[in-house]
>>> print(open('structure-v7.csv').read())   # CSV, C-alpha atoms
chain,number,residue,atom,x,y,z
U,1,MET,CA,0.0,0.0,0.0
U,2,ASN,CA,1.1,3.5,-0.7
U,3,TYR,CA,0.2,6.1,1.8
U,4,ARG,CA,0.2,9.8,0.9
U,5,PHE,CA,0.3,12.6,3.3
U,6,SER,CA,-0.8,16.1,2.4
U,7,LYS,CA,1.0,19.2,3.6
U,8,THR,CA,-1.9,20.0,5.9
U,9,GLY,CA,-1.7,16.5,7.5
U,10,THR,CA,2.1,16.7,7.9
U,11,ARG,CA,1.9,20.3,9.2
U,12,LEU,CA,-0.9,19.4,11.6
U,13,SER,CA,1.1,16.5,13.0
U,14,GLY,CA,4.1,18.8,13.5
U,15,VAL,CA,1.9,21.3,15.4
U,16,SER,CA,0.4,18.5,17.4
U,17,ALA,CA,3.9,17.2,18.4
U,18,ALA,CA,5.0,20.7,19.3
U,19,GLY,CA,1.8,21.3,21.3
U,20,ALA,CA,2.2,18.0,23.1
U,21,LEU,CA,5.8,18.9,24.0
U,22,MET,CA,4.8,22.3,25.3
U,23,LEU,CA,2.0,20.7,27.4
U,24,MET,CA,4.4,18.2,28.9
U,25,LEU,CA,6.8,20.9,29.9
U,26,ALA,CA,4.0,23.0,31.4
U,27,ILE,CA,2.7,20.1,33.4
U,28,SER,CA,6.1,19.0,34.7
U,29,GLY,CA,6.5,22.4,36.3
U,30,CYS,CA,3.2,22.2,38.2
U,31,GLN,CA,3.1,21.4,41.8
U,32,ASP,CA,1.2,18.3,42.8
U,33,HIS,CA,-1.5,19.6,45.1
U,34,ARG,CA,-2.6,16.1,45.9
U,35,LEU,CA,0.4,15.6,48.1
U,36,PRO,CA,-0.1,17.0,51.7
U,37,LEU,CA,2.4,19.6,52.9
U,38,PRO,CA,4.4,18.9,56.0
U,39,GLY,CA,2.1,18.7,59.0
U,40,GLN,CA,-0.9,18.0,56.9
U,41,GLN,CA,-1.1,14.2,57.4
U,42,ILE,CA,-4.5,12.6,58.0
U,43,GLN,CA,-4.0,10.1,60.8
U,44,PRO,CA,-6.5,7.7,62.4
U,45,THR,CA,-7.2,7.8,66.1
U,46,ASP,CA,-7.9,4.1,66.5
U,47,PRO,CA,-5.5,1.1,66.1
U,48,LYS,CA,-5.5,-0.7,62.7
U,49,PRO,CA,-8.4,-3.2,62.6
U,50,ASP,CA,-7.7,-6.9,62.4
U,51,TYR,CA,-10.0,-7.3,59.4
U,52,ALA,CA,-8.0,-4.8,57.3
U,53,PRO,CA,-4.3,-5.3,57.9
U,54,THR,CA,-3.2,-3.4,54.8
U,55,ILE,CA,-5.5,-0.3,55.2
U,56,THR,CA,-3.6,2.9,54.9
U,57,PRO,CA,-3.8,5.5,57.7
U,58,PRO,CA,-5.6,8.1,55.6
U,59,MET,CA,-8.3,5.6,54.5
U,60,GLN,CA,-8.7,4.4,58.0
U,61,ALA,CA,-9.2,8.0,59.2
U,62,VAL,CA,-11.8,8.7,56.6
U,63,ILE,CA,-13.7,5.5,57.5
U,64,GLU,CA,-13.6,6.5,61.2
U,65,GLU,CA,-14.9,10.0,60.3
U,66,LEU,CA,-17.8,8.4,58.4
U,67,GLY,CA,-18.6,6.5,61.5
U,68,TRP,CA,-18.6,9.7,63.6
U,69,LEU,CA,-21.0,11.3,61.1
U,70,SER,CA,-23.5,8.6,62.2
U,71,PRO,CA,-25.3,7.7,59.0
U,72,VAL,CA,-28.4,5.7,59.3
U,73,PRO,CA,-28.5,2.4,57.3
U,74,LEU,CA,-30.0,3.1,53.9
U,75,ASN,CA,-32.3,0.2,54.0
U,76,GLU,CA,-34.1,1.9,56.9
U,77,LEU,CA,-34.8,5.1,55.0
U,78,SER,CA,-36.9,6.4,52.2
U,79,PRO,CA,-35.0,7.4,49.0
U,80,GLN,CA,-35.4,11.1,49.9
U,81,GLN,CA,-34.1,10.5,53.5
U,82,ALA,CA,-31.2,8.4,52.1
U,83,ARG,CA,-30.1,11.2,49.8
U,84,MET,CA,-29.7,13.5,52.9
U,85,GLN,CA,-27.4,11.1,54.8
U,86,PRO,CA,-23.7,11.8,55.2
U,87,SER,CA,-21.7,10.1,52.4
U,88,PHE,CA,-18.1,9.0,52.0
U,89,LYS,CA,-17.5,12.4,50.3
U,90,ASP,CA,-18.7,14.1,53.4
U,91,ALA,CA,-16.3,12.1,55.5
U,92,VAL,CA,-13.4,13.0,53.2
U,93,ASN,CA,-14.3,16.7,53.3
U,94,SER,CA,-14.7,16.6,57.1
U,95,SER,CA,-11.2,14.9,57.5
U,96,LEU,CA,-9.6,17.5,55.2
U,97,ASP,CA,-11.2,20.3,57.2
U,98,LYS,CA,-10.1,18.9,60.6
U,99,ASN,CA,-6.5,18.6,59.3
U,100,ASN,CA,-6.5,22.1,57.6
U,101,ILE,CA,-5.9,20.6,54.2
U,102,PRO,CA,-7.5,22.6,51.4
U,103,ARG,CA,-10.1,20.9,49.2
U,104,ILE,CA,-9.5,20.6,45.4
U,105,ASN,CA,-12.6,20.8,43.4
>>> encode(input="structure-v7.csv", output="structure tokens")
Amino acid sequence: MNYRFSKTGTRLSGVSAAGALMLMLAISGCQDHRLPLPGQQIQPTDPKPDYAPTITPPMQAVIEELGWLSPVPLNELSPQQARMQPSFKDAVNSSLDKNNIPRIN
């Protein structure tokens, strides 16, 4: 088979390669805001549970926080009441607030 490339196609791929290179350079200079700053670690208050020996401290802290928010089991609620219950997202946001870690939207 013989493939032919037009000037537009060749030029476009050159622009795309240059754009991709510029994007990679711009991204490499960005700070990763997902990493906590010193002193901004989310730590659990309870010891690691036996049923989850590989759980990470931040995940354990968020699960603890969800327990402190006291959600009612969903099977005991109407759909409207269930939608008003604290969720895992609420537990994450509460943990971030308690540890003075800014939220990223």
>>> closest_residue(input="structure-v7.csv", among="U:Ala17, U:Leu74, U:Ile63, U:Met24", to="Phe88 in chain U", atoms="all atoms listed in the file")
U:Ile63
>>> atom_distance(input="structure-v7.csv", atom1="CA of Ala82 in chain U", atom2="CA of Leu66 in chain U")
14.8 Å
>>> atom_distance(input="structure-v7.csv", atom1="CA of Pro57 in chain U", atom2="CA of Ile42 in chain U")
7.1 Å
>>> residues_around(input="structure-v7.csv", residues="Asp97 in chain U", least_positions_apart="5", cutoff="12 Å", atoms="only C-alpha atoms", output="list of chain:residue names")
U:Gln40, U:Gln41, U:Ile42, U:Val62, U:Glu65, U:Asp90, U:Ala91, U:Val92, U:Pro102, U:Arg103, U:Ile104
>>> residues_around(input="structure-v7.csv", residues="Ala61 in chain U", least_positions_apart="3", cutoff="12 Å", atoms="only C-alpha atoms", output="ChimeraX atom specification")
/U:41-49,55-58,64-68,88,91-96,98-99
>>> atom_distance(input="structure-v7.csv", atom1="CA of Leu23 in chain U", atom2="CA of Ile101 in chain U")
27.9 Å
>>> closest_residue(input="structure-v7.csv", among="U:Ser16, U:Asn100, U:Thr54, U:Gln85", to="Val72 in chain U", atoms="all atoms listed in the file")
U:Gln85
